[in-house]
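Structure file final.cif (mmCIF, C-alpha atoms and all ligand atoms) follows.
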```cif
data_model
#
loop_
_atom_site.label_atom_id
_atom_site.label_comp_id
_atom_site.auth_asym_id
_atom_site.auth_seq_id
_atom_site.Cartn_x
_atom_site.Cartn_y
_atom_site.Cartn_z
CA MET A 228 -178.27 88.83 105.62
CA GLU A 229 -179.05 90.96 102.57
CA ILE A 230 -176.38 92.52 100.37
CA LYS A 231 -176.85 95.80 98.57
CA VAL A 232 -174.19 96.87 96.10
CA CYS A 233 -174.40 100.61 95.59
CA GLY A 234 -173.10 103.20 93.16
CA MET A 235 -173.23 101.22 89.90
CA ARG A 236 -173.06 103.29 86.73
CA GLU A 237 -172.01 101.01 83.85
CA ILE A 238 -174.32 98.47 82.25
CA SER A 239 -171.70 95.75 81.60
CA ASN A 240 -170.47 96.05 85.19
CA MET A 241 -174.08 95.70 86.41
CA GLN A 242 -174.62 92.60 84.27
CA ASP A 243 -171.40 91.02 85.62
CA LEU A 244 -172.52 91.79 89.14
CA ILE A 245 -175.89 90.12 88.66
CA LEU A 246 -174.35 87.02 87.10
CA GLN A 247 -171.53 86.56 89.59
CA VAL A 248 -172.83 87.99 92.85
CA SER A 249 -176.62 88.07 92.56
CA PRO A 250 -177.02 90.79 95.20
CA ASP A 251 -180.36 91.40 96.92
CA TRP A 252 -180.31 95.05 95.91
CA MET A 253 -178.46 97.24 93.43
CA GLY A 254 -178.06 100.93 94.29
CA LEU A 255 -178.13 103.84 91.84
CA ILE A 256 -176.94 107.28 92.93
CA PHE A 257 -179.14 110.18 91.84
CA TYR A 258 -177.01 112.86 93.45
CA SER A 259 -175.36 114.93 90.73
CA LYS A 260 -172.27 115.84 92.79
CA SER A 261 -171.35 112.18 93.22
CA PRO A 262 -168.78 110.51 90.90
CA ARG A 263 -171.27 107.61 90.86
CA PHE A 264 -174.14 109.71 89.50
CA VAL A 265 -176.31 107.81 86.99
CA LYS A 266 -177.14 109.73 83.83
CA ASP A 267 -180.65 109.41 82.40
CA GLU A 268 -179.33 108.16 79.06
CA LEU A 269 -178.91 104.78 80.82
CA LYS A 270 -182.49 104.52 82.02
CA GLY A 271 -183.74 102.14 79.30
CA GLU A 272 -180.94 99.62 79.86
CA VAL A 273 -181.00 99.93 83.64
CA LYS A 274 -184.76 99.37 83.75
CA LYS A 275 -184.24 95.94 82.16
CA ILE A 276 -181.80 94.81 84.88
CA GLN A 277 -183.56 92.11 86.86
CA VAL A 278 -182.61 92.87 90.45
CA PRO A 279 -184.46 95.12 92.92
CA LYS A 280 -183.07 98.63 92.47
CA VAL A 281 -182.61 101.28 95.14
CA GLY A 282 -182.37 104.96 94.21
CA VAL A 283 -180.15 107.10 96.45
CA PHE A 284 -181.27 110.72 96.86
CA VAL A 285 -179.86 113.70 98.77
CA ASN A 286 -182.37 116.41 99.69
CA GLU A 287 -184.28 116.18 96.39
CA SER A 288 -187.91 117.17 95.68
CA ILE A 289 -190.75 114.64 95.74
CA ASP A 290 -191.23 115.11 91.99
CA TYR A 291 -187.56 114.37 91.24
CA VAL A 292 -187.67 111.18 93.34
CA LEU A 293 -190.95 109.95 91.81
CA ASP A 294 -189.67 110.62 88.30
CA LYS A 295 -186.64 108.35 88.94
CA VAL A 296 -188.83 105.68 90.58
CA GLN A 297 -190.87 105.50 87.43
CA LYS A 298 -188.00 105.79 84.91
CA TYR A 299 -185.79 103.16 86.61
CA ASP A 300 -188.48 100.93 88.13
CA LEU A 301 -187.06 101.48 91.62
CA ALA A 302 -188.13 99.07 94.35
CA ALA A 303 -186.76 101.28 97.14
CA ILE A 304 -185.87 104.90 97.82
CA GLN A 305 -182.85 105.67 100.01
CA LEU A 306 -183.08 109.16 101.48
CA HIS A 307 -179.48 110.14 102.19
CA GLY A 308 -179.90 113.78 103.22
CA LYS A 309 -181.82 115.72 105.83
CA GLU A 310 -185.30 114.66 104.67
CA SER A 311 -187.92 115.40 107.35
CA VAL A 312 -190.61 113.05 108.64
CA GLY A 313 -193.16 115.24 106.80
CA PHE A 314 -191.30 114.71 103.54
CA VAL A 315 -191.22 110.95 104.13
CA ALA A 316 -194.96 110.87 104.90
CA GLU A 317 -195.78 112.81 101.73
CA LEU A 318 -193.57 110.54 99.63
CA LYS A 319 -195.07 107.41 101.18
CA ASN A 320 -198.52 108.59 100.08
CA GLN A 321 -197.41 108.70 96.47
CA THR A 322 -195.41 105.51 95.93
CA THR A 323 -195.40 101.83 96.76
CA ALA A 324 -191.58 101.74 96.69
CA GLU A 325 -189.95 101.01 100.05
CA ILE A 326 -188.55 104.02 101.88
CA TRP A 327 -185.17 103.76 103.63
CA LYS A 328 -184.04 106.66 105.80
CA VAL A 329 -180.33 107.17 106.17
CA VAL A 330 -178.97 108.24 109.53
CA SER A 331 -175.59 109.96 109.24
CA VAL A 332 -173.65 108.98 112.33
CA GLY A 333 -171.09 111.25 113.96
CA GLU A 334 -169.82 110.93 117.52
CA ASP A 335 -173.10 109.69 118.98
CA LEU A 336 -176.65 108.64 118.12
CA ASN A 337 -179.83 110.24 119.44
CA TRP A 338 -182.57 107.60 119.30
CA GLU A 339 -185.25 110.12 120.36
CA GLU A 340 -184.70 112.07 117.12
CA LEU A 341 -185.38 108.95 115.05
CA LYS A 342 -188.58 107.86 116.81
CA ALA A 343 -190.84 109.92 114.55
CA TYR A 344 -189.65 108.02 111.45
CA VAL A 345 -190.70 104.66 112.91
CA GLY A 346 -193.97 103.61 111.25
CA GLN A 347 -193.23 105.79 108.22
CA ILE A 348 -190.19 103.98 106.83
CA ASP A 349 -189.29 100.42 105.88
CA ARG A 350 -185.76 100.48 107.25
CA PHE A 351 -183.06 102.73 108.61
CA LEU A 352 -179.61 102.76 107.06
CA PHE A 353 -176.70 103.90 109.22
CA ASP A 354 -173.79 105.56 107.41
CA THR A 355 -170.84 107.70 108.47
CA ALA A 356 -171.51 111.45 108.57
CA THR A 357 -169.33 113.31 106.02
CA ASN A 358 -169.45 116.49 103.96
CA THR A 359 -169.97 114.47 100.78
CA HIS A 360 -173.13 112.87 102.29
CA GLY A 361 -172.00 109.34 101.38
CA GLY A 362 -169.45 107.21 99.56
CA SER A 363 -166.68 108.31 101.93
CA GLY A 364 -165.25 104.84 102.62
CA LYS A 365 -165.17 105.75 106.32
CA LYS A 366 -166.58 103.68 109.16
CA PHE A 367 -168.35 105.08 112.21
CA ASP A 368 -168.31 103.47 115.66
CA TRP A 369 -170.56 100.43 115.07
CA GLY A 370 -170.68 99.88 118.83
CA LEU A 371 -173.21 102.74 118.94
CA LEU A 372 -175.74 100.37 117.33
CA ASP A 373 -175.63 97.94 120.27
CA SER A 374 -178.38 99.99 121.92
CA TYR A 375 -180.62 100.13 118.80
CA PRO A 376 -184.09 100.38 120.38
CA PHE A 377 -186.54 99.82 117.49
CA GLN A 378 -188.10 96.78 115.79
CA VAL A 379 -187.80 98.33 112.33
CA PRO A 380 -184.91 96.63 110.47
CA PHE A 381 -181.73 98.48 109.60
CA MET A 382 -178.84 98.32 107.14
CA LEU A 383 -175.19 98.93 107.95
CA SER A 384 -173.11 101.14 105.69
CA GLY A 385 -169.96 103.26 105.53
CA GLY A 386 -166.56 101.93 104.56
CA ILE A 387 -167.51 98.24 104.74
CA ASP A 388 -164.70 96.20 103.17
CA LEU A 389 -163.60 92.59 102.79
CA GLU A 390 -162.03 92.68 106.24
CA SER A 391 -165.34 93.68 107.86
CA VAL A 392 -167.08 90.30 107.60
CA LYS A 393 -166.37 89.11 111.13
CA ARG A 394 -167.40 92.41 112.71
CA VAL A 395 -170.62 92.42 110.66
CA LYS A 396 -171.43 88.92 111.90
CA ASP A 397 -170.73 89.95 115.51
CA LEU A 398 -172.98 92.99 115.14
CA LYS A 399 -175.75 90.78 113.76
CA LYS A 400 -175.54 88.62 116.91
CA ALA A 401 -175.88 91.73 119.10
CA CYS A 402 -178.60 93.35 116.94
CA PRO A 403 -180.95 90.94 115.14
CA GLN A 404 -182.64 93.93 113.48
CA LEU A 405 -179.52 94.28 111.30
CA ILE A 406 -180.96 93.04 108.02
CA GLY A 407 -178.19 93.81 105.53
CA VAL A 408 -175.03 95.57 104.45
CA ASP A 409 -174.48 98.26 101.86
CA LEU A 410 -171.22 97.88 99.89
CA ASN A 411 -169.75 100.70 97.89
CA SER A 412 -166.40 102.44 97.56
CA LYS A 413 -164.25 99.73 99.18
CA PHE A 414 -165.12 97.39 96.30
CA GLU A 415 -164.21 99.68 93.42
CA THR A 416 -161.47 99.88 90.82
CA GLU A 417 -162.57 103.49 90.26
CA PRO A 418 -165.62 105.45 91.50
CA GLY A 419 -168.75 103.70 90.22
CA ILE A 420 -166.97 100.64 88.81
CA LYS A 421 -167.18 97.57 91.02
CA ASP A 422 -164.65 94.77 91.48
CA VAL A 423 -167.10 91.91 91.06
CA ALA A 424 -164.68 89.18 92.19
CA MET A 425 -164.04 91.03 95.43
CA LEU A 426 -167.79 91.40 96.00
CA ARG A 427 -168.27 87.69 95.39
CA ASN A 428 -165.59 86.90 97.99
CA PHE A 429 -167.36 89.14 100.50
CA LYS A 430 -170.69 87.43 99.90
CA GLU A 431 -169.21 83.95 100.23
CA GLU A 432 -167.49 84.85 103.48
CA LEU A 433 -170.57 86.55 104.88
CA LEU A 434 -172.82 83.63 104.06
CA GLY A 435 -170.24 81.15 105.33
CA LEU A 436 -169.59 79.59 101.94
CA ARG A 437 -165.83 79.99 102.55
CA SER A 438 -163.80 80.71 105.64
CA VAL A 439 -162.40 84.09 106.66
CA ASN A 440 -158.58 84.07 106.75
O1 LIG A 501 -171.52 106.83 96.84
C1 LIG A 501 -171.77 108.02 96.71
O2 LIG A 501 -171.11 108.71 95.92
C2 LIG A 501 -172.85 108.68 97.51
C3 LIG A 501 -173.06 110.02 97.37
C4 LIG A 501 -174.06 110.66 98.06
C5 LIG A 501 -174.84 109.96 98.95
C6 LIG A 501 -174.64 108.59 99.13
C7 LIG A 501 -173.65 107.94 98.43
N1 LIG A 501 -173.41 106.60 98.62
C8 LIG A 501 -173.82 105.87 99.79
O3 LIG A 501 -172.81 106.02 100.77
C9 LIG A 501 -172.87 104.91 101.64
C10 LIG A 501 -171.49 104.49 102.10
O4 LIG A 501 -170.60 104.25 101.08
P1 LIG A 501 -169.08 103.80 101.35
O5 LIG A 501 -169.10 102.32 101.58
O6 LIG A 501 -168.57 104.52 102.55
O7 LIG A 501 -168.36 104.15 100.11
C11 LIG A 501 -173.68 103.84 100.92
O8 LIG A 501 -174.89 103.72 101.65
C12 LIG A 501 -174.00 104.40 99.58
O9 LIG A 501 -175.34 104.13 99.25
#
```
Just give me the structure of the file as structure tokens.
Ligand SMILES: O=C(O)c1ccccc1N[C@@H]1O[C@H](COP(=O)(O)O)[C@@H](O)[C@H]1O
Amino acid sequence: MEIKVCGMREISNMQDLILQVSPDWMGLIFYSKSPRFVKDELKGEVKKIQVPKVGVFVNESIDYVLDKVQKYDLAAIQLHGKESVGFVAELKNQTTAEIWKVVSVGEDLNWEELKAYVGQIDRFLFDTATNTHGGSGKKFDWGLLDSYPFQVPFMLSGGIDLESVKRVKDLKKACPQLIGVDLNSKFETEPGIKDVAMLRNFKEELLGLRSVN
């Protein structure tokens, strides 16, 4: 199971994370209203960080996204707004970075609406629907994913915390397409600053390197 740690915005915190947790992905928020927004003055240092980086975007233009892909050497683009299939197709034509489409989940899930993205994206990412678009720390009803109908892999997100490990493992048994988890606000000392020890504990429990209490 892959681990993405999202919303990093300080170089020393990123370096600690890489050394102690070695996540599969590190997420950078390029949404200016977020308290985890990454300022371009960091681009030189961030580019040197040796872990695949995911840029998180909310309803931005193709040019804005491509500019960040180039400046930060992004391996994946997480589209966290209402980006259409047409937008995704246009973006896909202009980059080799992976494209992850976020599905904001409310009371239910309409699989028909997602069908058109299949074949255009590399993975779905399911997060809780909120006014702030993301980083809410709130979980949705993960049981809705039991009927996931596609082969394309997906990530789980939204309020995942240290106590979620068992439920994540159970969901993986029910849905083998679950490829990873996205960890964010539940592992912070303040917005954008991660508690690296807590993240390490999560990883060890998830991978079965220590037992869940
Ligand atoms: O974290 C943010 O500030 C943010 C802002 C706008 C869009 C996405 C954002 N983060 C993403 O939100 C989810 C869930 O985070 P949480 O665990 O509920 O705090 C995660 O995918 C982040 O990439």
For a cut-off of 12 Å around (-172.5, 92.9, 115.2), file coordinates, pick out all residues using only C-alpha atoms and list them as a PyMOL selection string.
chain A and resi 228+368-375+382-383+391-408
Store the residues picked out above, limited to C-alpha atoms, as an mmCIF file, keeping the file's coordinate frame.
```cif
data_model
loop_
_atom_site.group_PDB
_atom_site.id
_atom_site.type_symbol
_atom_site.label_atom_id
_atom_site.label_comp_id
_atom_site.auth_asym_id
_atom_site.auth_seq_id
_atom_site.Cartn_x
_atom_site.Cartn_y
_atom_site.Cartn_z
ATOM 1 C CA MET A 228 -178.270 88.830 105.620
ATOM 2 C CA ASP A 368 -168.310 103.470 115.660
ATOM 3 C CA TRP A 369 -170.560 100.430 115.070
ATOM 4 C CA GLY A 370 -170.680 99.880 118.830
ATOM 5 C CA LEU A 371 -173.210 102.740 118.940
ATOM 6 C CA LEU A 372 -175.740 100.370 117.330
ATOM 7 C CA ASP A 373 -175.630 97.940 120.270
ATOM 8 C CA SER A 374 -178.380 99.990 121.920
ATOM 9 C CA TYR A 375 -180.620 100.130 118.800
ATOM 10 C CA MET A 382 -178.840 98.320 107.140
ATOM 11 C CA LEU A 383 -175.190 98.930 107.950
ATOM 12 C CA SER A 391 -165.340 93.680 107.860
ATOM 13 C CA VAL A 392 -167.080 90.300 107.600
ATOM 14 C CA LYS A 393 -166.370 89.110 111.130
ATOM 15 C CA ARG A 394 -167.400 92.410 112.710
ATOM 16 C CA VAL A 395 -170.620 92.420 110.660
ATOM 17 C CA LYS A 396 -171.430 88.920 111.900
ATOM 18 C CA ASP A 397 -170.730 89.950 115.510
ATOM 19 C CA LEU A 398 -172.980 92.990 115.140
ATOM 20 C CA LYS A 399 -175.750 90.780 113.760
ATOM 21 C CA LYS A 400 -175.540 88.620 116.910
ATOM 22 C CA ALA A 401 -175.880 91.730 119.100
ATOM 23 C CA CYS A 402 -178.600 93.350 116.940
ATOM 24 C CA PRO A 403 -180.950 90.940 115.140
ATOM 25 C CA GLN A 404 -182.640 93.930 113.480
ATOM 26 C CA LEU A 405 -179.520 94.280 111.300
ATOM 27 C CA ILE A 406 -180.960 93.040 108.020
ATOM 28 C CA GLY A 407 -178.190 93.810 105.530
ATOM 29 C CA VAL A 408 -175.030 95.570 104.450
#
```
Can you tell me which residues come within 9 Å of ligand LIG 501 (chain A) when counting all atoms listed in the file, ideally as number ranges by chain?
A: 231-234, 254-264, 281-285, 305-308, 329, 352-355, 359-366, 382-388, 408-414, 418-419
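Counting all atoms listed in the file and comparing A:Tyr299, A:Trp338, A:Tyr291, A:Phe367, the residue that lies closest to Leu318 of chain A is A:Tyr291.
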List the spatial neighbours of Thr416 of chain A as a PyMOL selection string - criterion: any atom at most 12 Å away, only C-alpha atoms, same-chain residues fewer than 5 positions off excluded.
chain A and resi 235+240+411+421-426
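With only C-alpha atoms as the atoms that count, the residue of A:Leu246, A:Ile230, A:Val265, A:Val379 with the shortest distance to Ile420 of chain A is A:Val265.
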Provide the atom CA of Ala303 of chain A to atom CA of Lys280 of chain A distance in Å, to one decimal place.
6.5 Å
The residue from A:Thr357, A:Glu432, A:Glu287, A:Gln242 with the smallest atom-to-atom distance to Val273 of chain A, counting only C-alpha atoms, is A:Gln242
Between atom CA of Val296 of chain A and atom CA of Lys430 of chain A, what is the distance, to one decimal in Å?
27.4 Å
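From atom CA of Ile348 of chain A back to atom CA of Ile304 of chain A, the distance works out to 10.0 Å.
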